[in-house]
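File shown here: input32.cif, holding mmCIF, C-alpha atoms.
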```cif
data_work
loop_
_atom_site.label_atom_id
_atom_site.label_comp_id
_atom_site.auth_asym_id
_atom_site.auth_seq_id
_atom_site.Cartn_x
_atom_site.Cartn_y
_atom_site.Cartn_z
CA MET A 1 47.68 47.28 17.75
CA ALA A 2 46.31 44.43 15.70
CA LYS A 3 42.81 43.49 16.70
CA THR A 4 42.51 39.78 17.61
CA GLU A 5 39.42 38.23 16.13
CA ALA A 6 37.09 36.51 18.54
CA PRO A 7 36.86 32.80 17.85
CA SER A 8 33.70 31.95 15.98
CA LEU A 9 31.01 30.25 18.03
CA VAL A 10 29.19 29.07 14.91
CA GLY A 11 30.22 25.66 13.66
CA LYS A 12 29.43 22.80 11.32
CA LEU A 13 30.33 19.15 11.65
CA GLU A 14 29.52 16.40 9.20
CA THR A 15 30.16 12.75 8.60
CA GLU A 16 29.12 9.97 6.25
CA VAL A 17 28.17 6.42 7.12
CA GLU A 18 27.98 3.63 4.57
CA ILE A 19 25.01 1.30 5.11
CA LYS A 20 23.57 -1.77 3.39
CA ALA A 21 19.91 -0.72 3.67
CA SER A 22 18.22 1.35 0.97
CA ALA A 23 18.10 5.15 1.18
CA GLY A 24 14.28 5.12 1.30
CA GLN A 25 14.18 2.62 4.17
CA PHE A 26 16.66 4.53 6.31
CA HIS A 27 14.99 7.89 5.65
CA HIS A 28 11.62 6.40 6.61
CA MET A 29 12.99 5.44 10.04
CA PHE A 30 13.39 9.14 10.88
CA ALA A 31 10.61 10.61 8.74
CA GLY A 32 7.90 7.98 9.09
CA LYS A 33 8.57 6.06 12.29
CA PRO A 34 11.19 7.66 14.56
CA HIS A 35 9.40 5.98 17.50
CA HIS A 36 10.89 2.72 16.10
CA VAL A 37 14.48 4.03 16.29
CA SER A 38 14.63 2.97 19.96
CA LYS A 39 13.98 -0.64 18.88
CA ALA A 40 16.95 -0.44 16.54
CA SER A 41 19.33 1.36 18.89
CA PRO A 42 18.06 0.76 22.46
CA GLY A 43 21.42 1.51 24.10
CA ASN A 44 21.51 5.00 22.57
CA ILE A 45 17.86 6.00 22.16
CA GLN A 46 15.16 5.06 24.64
CA SER A 47 12.15 6.71 23.05
CA CYS A 48 10.78 9.24 20.61
CA ASP A 49 7.34 10.69 21.25
CA LEU A 50 5.22 12.90 19.06
CA HIS A 51 4.25 16.10 20.92
CA GLU A 52 2.57 18.06 18.12
CA GLY A 53 1.51 17.44 14.52
CA ASP A 54 2.18 14.26 12.57
CA TRP A 55 5.27 12.11 12.08
CA GLY A 56 7.45 13.36 9.24
CA THR A 57 5.68 16.68 8.64
CA VAL A 58 7.24 20.13 8.83
CA GLY A 59 6.39 21.99 12.04
CA SER A 60 5.75 18.82 14.05
CA ILE A 61 7.41 18.51 17.46
CA VAL A 62 9.11 15.30 18.62
CA PHE A 63 10.67 14.52 22.00
CA TRP A 64 13.70 12.21 22.28
CA ASN A 65 15.08 10.38 25.33
CA TYR A 66 18.66 9.32 24.64
CA VAL A 67 21.97 8.42 26.30
CA HIS A 68 25.01 10.43 25.22
CA ASP A 69 28.45 10.49 26.87
CA GLY A 70 27.09 8.04 29.45
CA GLU A 71 24.31 10.37 30.58
CA ALA A 72 20.53 10.20 30.09
CA LYS A 73 19.47 13.26 28.09
CA VAL A 74 16.41 14.73 26.37
CA ALA A 75 15.83 16.77 23.24
CA LYS A 76 12.70 18.47 22.00
CA GLU A 77 12.95 19.04 18.26
CA ARG A 78 10.90 20.69 15.56
CA ILE A 79 10.94 19.22 12.06
CA GLU A 80 12.25 22.06 9.85
CA ALA A 81 12.38 20.33 6.47
CA VAL A 82 11.37 17.04 4.85
CA GLU A 83 12.27 16.21 1.25
CA PRO A 84 11.23 12.62 0.47
CA GLU A 85 12.69 12.69 -3.06
CA LYS A 86 16.10 13.54 -1.55
CA ASN A 87 15.58 11.29 1.51
CA LEU A 88 16.33 14.37 3.63
CA ILE A 89 15.00 15.49 7.00
CA THR A 90 16.10 18.42 9.22
CA PHE A 91 15.42 18.74 12.95
CA ARG A 92 15.91 21.94 14.97
CA VAL A 93 16.57 21.37 18.68
CA ILE A 94 14.32 23.75 20.63
CA GLU A 95 14.61 22.44 24.22
CA GLY A 96 16.66 19.97 26.22
CA ASP A 97 20.25 19.25 27.24
CA LEU A 98 21.90 20.59 24.08
CA MET A 99 20.32 23.98 24.71
CA LYS A 100 22.44 24.33 27.88
CA GLU A 101 25.54 24.65 25.68
CA TYR A 102 24.29 25.79 22.27
CA LYS A 103 22.17 28.79 21.23
CA SER A 104 20.99 26.87 18.18
CA PHE A 105 21.37 23.31 16.92
CA LEU A 106 20.23 21.90 13.58
CA ILE A 107 20.58 18.26 12.55
CA THR A 108 20.13 17.26 8.91
CA ILE A 109 20.09 13.62 7.83
CA GLN A 110 20.28 12.91 4.11
CA VAL A 111 20.57 9.44 2.60
CA THR A 112 21.77 8.86 -0.96
CA PRO A 113 21.84 5.57 -2.86
CA LYS A 114 25.38 4.28 -3.42
CA HIS A 115 26.57 4.64 -7.02
CA GLY A 116 26.94 1.37 -8.91
CA GLY A 117 25.82 -0.95 -6.16
CA PRO A 118 23.36 -1.76 -3.40
CA GLY A 119 23.35 0.16 -0.15
CA SER A 120 23.42 3.86 0.68
CA ILE A 121 25.38 6.64 2.31
CA VAL A 122 23.93 8.48 5.33
CA HIS A 123 25.14 12.05 5.51
CA TRP A 124 24.83 13.68 8.94
CA HIS A 125 25.20 17.45 9.09
CA LEU A 126 25.24 19.31 12.42
CA GLU A 127 25.00 23.09 12.36
CA TYR A 128 25.24 24.92 15.68
CA GLU A 129 26.16 28.01 17.64
CA LYS A 130 27.91 27.51 20.99
CA ILE A 131 26.97 29.74 23.94
CA SER A 132 30.66 30.32 24.67
CA ASP A 133 34.10 29.29 23.49
CA GLU A 134 34.46 26.94 26.49
CA VAL A 135 31.83 24.63 24.94
CA ALA A 136 33.33 21.76 22.96
CA HIS A 137 32.38 21.08 19.36
CA PRO A 138 29.83 18.22 19.36
CA GLU A 139 32.23 15.57 18.07
CA THR A 140 31.02 12.91 20.51
CA LEU A 141 27.46 13.56 19.28
CA LEU A 142 28.63 12.95 15.71
CA GLN A 143 30.10 9.62 16.86
CA PHE A 144 26.73 8.89 18.51
CA CYS A 145 25.04 9.53 15.12
CA VAL A 146 27.41 7.06 13.45
CA GLU A 147 26.59 4.33 16.01
CA VAL A 148 22.83 4.95 15.70
CA SER A 149 23.11 4.73 11.89
CA GLN A 150 24.92 1.39 12.06
CA GLU A 151 22.39 -0.05 14.50
CA ILE A 152 19.44 1.14 12.40
CA ASP A 153 21.08 -0.49 9.38
CA GLU A 154 21.40 -3.83 11.21
CA HIS A 155 17.78 -3.54 12.36
CA LEU A 156 16.52 -2.87 8.82
CA LEU A 157 18.52 -5.80 7.41
CA SER A 158 17.24 -8.20 10.07
CA GLU A 159 13.68 -7.01 9.35
CA GLU A 160 14.29 -7.75 5.66
CA GLU A 161 15.54 -11.25 6.45
CA GLU A 162 12.41 -11.88 8.54
CA VAL A 163 10.27 -10.88 5.57
CA LYS A 164 12.24 -13.26 3.35
CA THR A 165 11.49 -16.21 5.64
CA THR A 166 7.75 -15.76 5.05
CA GLU A 167 6.64 -18.09 2.26
CA THR A 168 3.47 -18.53 0.27
CA LEU A 169 1.46 -21.35 -1.26
CA GLU A 170 -1.64 -20.91 -3.37
CA THR A 171 -4.14 -22.81 -5.42
CA GLU A 172 -7.36 -22.25 -7.35
CA VAL A 173 -10.49 -24.38 -7.38
CA GLU A 174 -13.25 -24.03 -9.96
CA ILE A 175 -16.74 -24.30 -8.50
CA LYS A 176 -20.29 -24.15 -9.85
CA ALA A 177 -21.70 -22.03 -7.00
CA SER A 178 -21.71 -18.23 -7.06
CA ALA A 179 -18.81 -16.26 -5.59
CA GLU A 180 -21.09 -14.59 -3.02
CA LYS A 181 -22.59 -17.86 -1.77
CA PHE A 182 -19.20 -19.48 -1.28
CA HIS A 183 -17.77 -16.38 0.43
CA HIS A 184 -20.80 -16.24 2.74
CA MET A 185 -20.06 -19.78 3.93
CA PHE A 186 -16.83 -18.54 5.49
CA ALA A 187 -17.78 -14.93 6.25
CA GLY A 188 -21.40 -15.32 7.33
CA LYS A 189 -21.91 -18.89 8.50
CA PRO A 190 -18.63 -20.78 8.97
CA HIS A 191 -20.46 -22.96 11.54
CA HIS A 192 -22.30 -24.45 8.53
CA VAL A 193 -19.05 -25.52 6.83
CA SER A 194 -19.03 -28.70 8.95
CA LYS A 195 -22.44 -29.63 7.44
CA ALA A 196 -20.94 -29.32 3.96
CA THR A 197 -17.72 -31.21 4.65
CA PRO A 198 -18.26 -33.39 7.75
CA GLY A 199 -15.33 -35.69 6.97
CA ASN A 200 -12.90 -32.77 7.03
CA ILE A 201 -14.33 -30.22 9.46
CA GLN A 202 -16.20 -30.95 12.70
CA SER A 203 -17.20 -27.60 14.12
CA CYS A 204 -13.77 -25.94 14.16
CA ASP A 205 -11.73 -29.14 14.46
CA LEU A 206 -9.62 -29.95 11.43
CA HIS A 207 -9.04 -33.48 10.21
CA GLU A 208 -5.87 -33.28 8.16
CA ASP A 209 -3.44 -36.13 7.44
CA GLY A 210 -5.88 -38.41 9.22
CA GLU A 211 -5.36 -36.70 12.58
CA ALA A 212 -7.87 -34.65 14.57
CA LYS A 213 -6.55 -31.12 14.79
CA VAL A 214 -7.69 -27.75 16.12
CA ALA A 215 -7.10 -24.18 15.06
CA LYS A 216 -8.05 -20.92 16.75
CA GLU A 217 -8.16 -18.14 14.20
CA ARG A 218 -8.66 -14.39 14.24
CA ILE A 219 -10.42 -12.79 11.28
CA GLU A 220 -7.91 -10.23 9.93
CA ALA A 221 -9.80 -8.88 6.92
CA VAL A 222 -13.22 -9.13 5.26
CA ASP A 223 -13.95 -7.48 1.93
CA PRO A 224 -17.48 -8.38 0.77
CA GLU A 225 -17.09 -6.60 -2.62
CA LYS A 226 -14.11 -8.80 -3.40
CA ASN A 227 -15.60 -11.88 -1.67
CA LEU A 228 -12.40 -12.02 0.36
CA ILE A 229 -11.73 -13.14 3.92
CA THR A 230 -8.43 -13.54 5.76
CA PHE A 231 -7.86 -15.64 8.89
CA ARG A 232 -4.74 -15.56 11.07
CA VAL A 233 -4.10 -18.75 13.02
CA ILE A 234 -3.31 -17.75 16.62
CA GLU A 235 -3.44 -21.10 18.47
CA GLY A 236 -3.61 -24.81 17.77
CA ASP A 237 -1.72 -27.54 15.94
CA LEU A 238 -0.34 -25.37 13.14
CA MET A 239 1.39 -23.17 15.72
CA LYS A 240 3.56 -26.16 16.71
CA GLU A 241 5.28 -25.96 13.33
CA TYR A 242 4.75 -22.40 12.11
CA LYS A 243 5.58 -19.03 13.69
CA SER A 244 2.77 -17.44 11.72
CA PHE A 245 0.05 -18.72 9.42
CA VAL A 246 -2.37 -16.54 7.46
CA ILE A 247 -5.08 -17.99 5.20
CA THR A 248 -6.84 -15.84 2.61
CA ILE A 249 -9.84 -17.11 0.65
CA GLN A 250 -10.99 -15.02 -2.30
CA VAL A 251 -13.75 -16.03 -4.69
CA THR A 252 -14.12 -14.43 -8.11
CA PRO A 253 -16.95 -14.96 -10.62
CA LYS A 254 -15.85 -16.94 -13.67
CA HIS A 255 -15.45 -14.80 -16.81
CA GLY A 256 -18.05 -15.46 -19.47
CA GLY A 257 -19.98 -18.14 -17.67
CA SER A 258 -21.63 -19.36 -14.49
CA GLY A 259 -19.64 -20.53 -11.52
CA SER A 260 -16.62 -19.10 -9.73
CA VAL A 261 -12.96 -19.60 -8.93
CA VAL A 262 -11.89 -20.00 -5.29
CA HIS A 263 -8.37 -18.73 -4.70
CA TRP A 264 -6.68 -20.04 -1.53
CA HIS A 265 -3.54 -18.23 -0.41
CA PHE A 266 -1.37 -19.37 2.53
CA GLU A 267 1.32 -17.08 3.95
CA TYR A 268 3.42 -18.72 6.63
CA GLU A 269 6.73 -18.83 8.45
CA LYS A 270 8.06 -22.24 9.47
CA ILE A 271 9.67 -22.58 12.90
CA ASN A 272 12.63 -24.32 11.25
CA GLU A 273 13.79 -25.90 8.01
CA GLU A 274 12.69 -29.41 9.08
CA VAL A 275 9.02 -28.37 8.88
CA ALA A 276 7.34 -29.31 5.59
CA HIS A 277 5.55 -26.78 3.42
CA PRO A 278 1.80 -27.08 4.09
CA GLU A 279 1.01 -28.79 0.78
CA THR A 280 -1.31 -31.36 2.41
CA LEU A 281 -3.25 -28.49 3.98
CA LEU A 282 -3.61 -26.93 0.53
CA GLN A 283 -5.02 -30.25 -0.73
CA PHE A 284 -7.36 -30.22 2.28
CA ALA A 285 -8.54 -26.73 1.22
CA VAL A 286 -9.28 -28.05 -2.30
CA GLU A 287 -11.37 -30.91 -0.91
CA VAL A 288 -13.26 -28.61 1.45
CA SER A 289 -14.00 -26.22 -1.45
CA LYS A 290 -15.44 -29.01 -3.61
CA GLU A 291 -17.60 -30.32 -0.80
CA ILE A 292 -18.90 -26.83 0.05
CA ASP A 293 -19.72 -26.37 -3.65
CA GLU A 294 -21.73 -29.62 -3.70
CA HIS A 295 -23.51 -28.57 -0.50
CA LEU A 296 -24.43 -25.14 -1.94
CA LEU A 297 -25.69 -26.68 -5.18
CA ALA A 298 -27.81 -29.22 -3.26
CA GLU A 299 -29.24 -26.34 -1.20
CA GLY A 300 -30.16 -24.64 -4.49
#
```
The structure given in the file should be rewritten as structure tokens.
Amino acid sequence: MAKTEAPSLVGKLETEVEIKASAGQFHHMFAGKPHHVSKASPGNIQSCDLHEGDWGTVGSIVFWNYVHDGEAKVAKERIEAVEPEKNLITFRVIEGDLMKEYKSFLITIQVTPKHGGPGSIVHWHLEYEKISDEVAHPETLLQFCVEVSQEIDEHLLSEEEEVKTTETLETEVEIKASAEKFHHMFAGKPHHVSKATPGNIQSCDLHEDGEAKVAKERIEAVDPEKNLITFRVIEGDLMKEYKSFVITIQVTPKHGGSGSVVHWHFEYEKINEEVAHPETLLQFAVEVSKEIDEHLLAEG
């Protein structure tokens, strides 16, 4: 009698998804910040928490909450492999809903740049062993992976567009004072700036375009070696026209001579296209710089 071979419980399923984002960006969503995947695909993935180790390192344990086939599910996974140069990451499921039907389950995600054009191809590879022949092959999970990929792609592209809407304006002002003294006016004693330029600044009230204005700012960065300070505007008149406004002032000693160069750098996002670029504010910054310079020189 011919022996009938038992159906194999070991299986592989794979699919490819074309995306517009770069291979590096997509890989980083799973390797560097899988806790952000839920932002990109909230209907499918609710959260990803780090249980052991560090994001994107072999041996680390992550815990996913997701919805698959209309049911809330969980998966605890160990990172088995990470190859940044190949944009590859492999997760082994070690606990959770999949373990009710599979003895083992490995998920590999590899992203390759598309030949001869922008965009990439996400290659999903599922390798598993079913606990019995009654268990279905995880085709619906593969479909889930396709949907998550598409939503991550949209998320990455919208993030890119947001970055593109941020614009910059900059100018340089030559002064006679030293770089340290000028930097100290903003970093150490900004309450003295109004003494130097009373027509423009009264305490923290700005007079720009002939109107009294206010700005509440948070200091984002201070680098005394570079004579650099960065302010982020968080409230006030500028916030009526800009979603974000960051002002960086860096002062560098002049090469081969006394004096310094003050570099003003504005990074901003307008609330709409009708809003003008802040060129008058840049002119205001030039005037303030010159008056502070005169004040510092008079102080000696």
Item to check | Spatial neighbours of A:Val111, max dist 7 Å, all atoms listed in the file, sep filter under 2 positions, as number ranges by chain | outcome: A: 23, 27, 87-88, 109, 113, 120-123
Residues just named, written with C-alpha atoms as a compact mmCIF listing (two decimals), in the coordinates of the input:
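Wrote part_36.txt, looks like this:
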```
# COMPACT_ATOMS: atom_id res chain seq x y z
CA ALA A 23 18.10 5.15 1.18
CA HIS A 27 14.99 7.89 5.65
CA ASN A 87 15.58 11.29 1.51
CA LEU A 88 16.33 14.37 3.63
CA ILE A 109 20.09 13.62 7.83
CA PRO A 113 21.84 5.57 -2.86
CA SER A 120 23.42 3.86 0.68
CA ILE A 121 25.38 6.64 2.31
CA VAL A 122 23.93 8.48 5.33
CA HIS A 123 25.14 12.05 5.51
```
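Closest to A:Lys86 among A:Ser258, A:Thr140, A:Thr108, A:Ser158 is A:Thr108, based on all atoms listed in the file.
The shortest atom-to-atom distance to A:Ser260, with only C-alpha atoms taken into account, belongs to A:Ile175 out of A:Ile79, A:Ala276, A:Ile175, A:Leu297.
Run against this file, the PyMOL selection byres ((chain A and resi 149) around 10) gives back Glu16, Val17, Glu18, Ile19, Phe26, Val37, Ala40, Ser41, Val122, His123, Trp124, Gln143, Phe144, Cys145, Val146, Glu147, Val148, Gln150, Glu151, Ile152, Asp153, Glu154 and His155 of chain A.
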Quick one: write out the picked residues with C-alpha atoms as an mmCIF file, keeping the file's coordinate frame?
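Writing done, so here's selection_34.cif:
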```cif
data_model
loop_
_atom_site.group_PDB
_atom_site.id
_atom_site.type_symbol
_atom_site.label_atom_id
_atom_site.label_comp_id
_atom_site.auth_asym_id
_atom_site.auth_seq_id
_atom_site.Cartn_x
_atom_site.Cartn_y
_atom_site.Cartn_z
ATOM 1 C CA GLU A 16 29.120 9.970 6.250
ATOM 2 C CA VAL A 17 28.170 6.420 7.120
ATOM 3 C CA GLU A 18 27.980 3.630 4.570
ATOM 4 C CA ILE A 19 25.010 1.300 5.110
ATOM 5 C CA PHE A 26 16.660 4.530 6.310
ATOM 6 C CA VAL A 37 14.480 4.030 16.290
ATOM 7 C CA ALA A 40 16.950 -0.440 16.540
ATOM 8 C CA SER A 41 19.330 1.360 18.890
ATOM 9 C CA VAL A 122 23.930 8.480 5.330
ATOM 10 C CA HIS A 123 25.140 12.050 5.510
ATOM 11 C CA TRP A 124 24.830 13.680 8.940
ATOM 12 C CA GLN A 143 30.100 9.620 16.860
ATOM 13 C CA PHE A 144 26.730 8.890 18.510
ATOM 14 C CA CYS A 145 25.040 9.530 15.120
ATOM 15 C CA VAL A 146 27.410 7.060 13.450
ATOM 16 C CA GLU A 147 26.590 4.330 16.010
ATOM 17 C CA VAL A 148 22.830 4.950 15.700
ATOM 18 C CA GLN A 150 24.920 1.390 12.060
ATOM 19 C CA GLU A 151 22.390 -0.050 14.500
ATOM 20 C CA ILE A 152 19.440 1.140 12.400
ATOM 21 C CA ASP A 153 21.080 -0.490 9.380
ATOM 22 C CA GLU A 154 21.400 -3.830 11.210
ATOM 23 C CA HIS A 155 17.780 -3.540 12.360
#
```
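Of the listed residues A:Val74, A:Val82, A:Val135, A:Val233, the one whose atoms come nearest to A:Gly32 is A:Val82, with distances taken using only C-alpha atoms.
Using only C-alpha atoms, the smallest distance between any of A:His125, A:Lys243, A:Val251, A:Leu238 and A:Ala187 comes from A:Val251.
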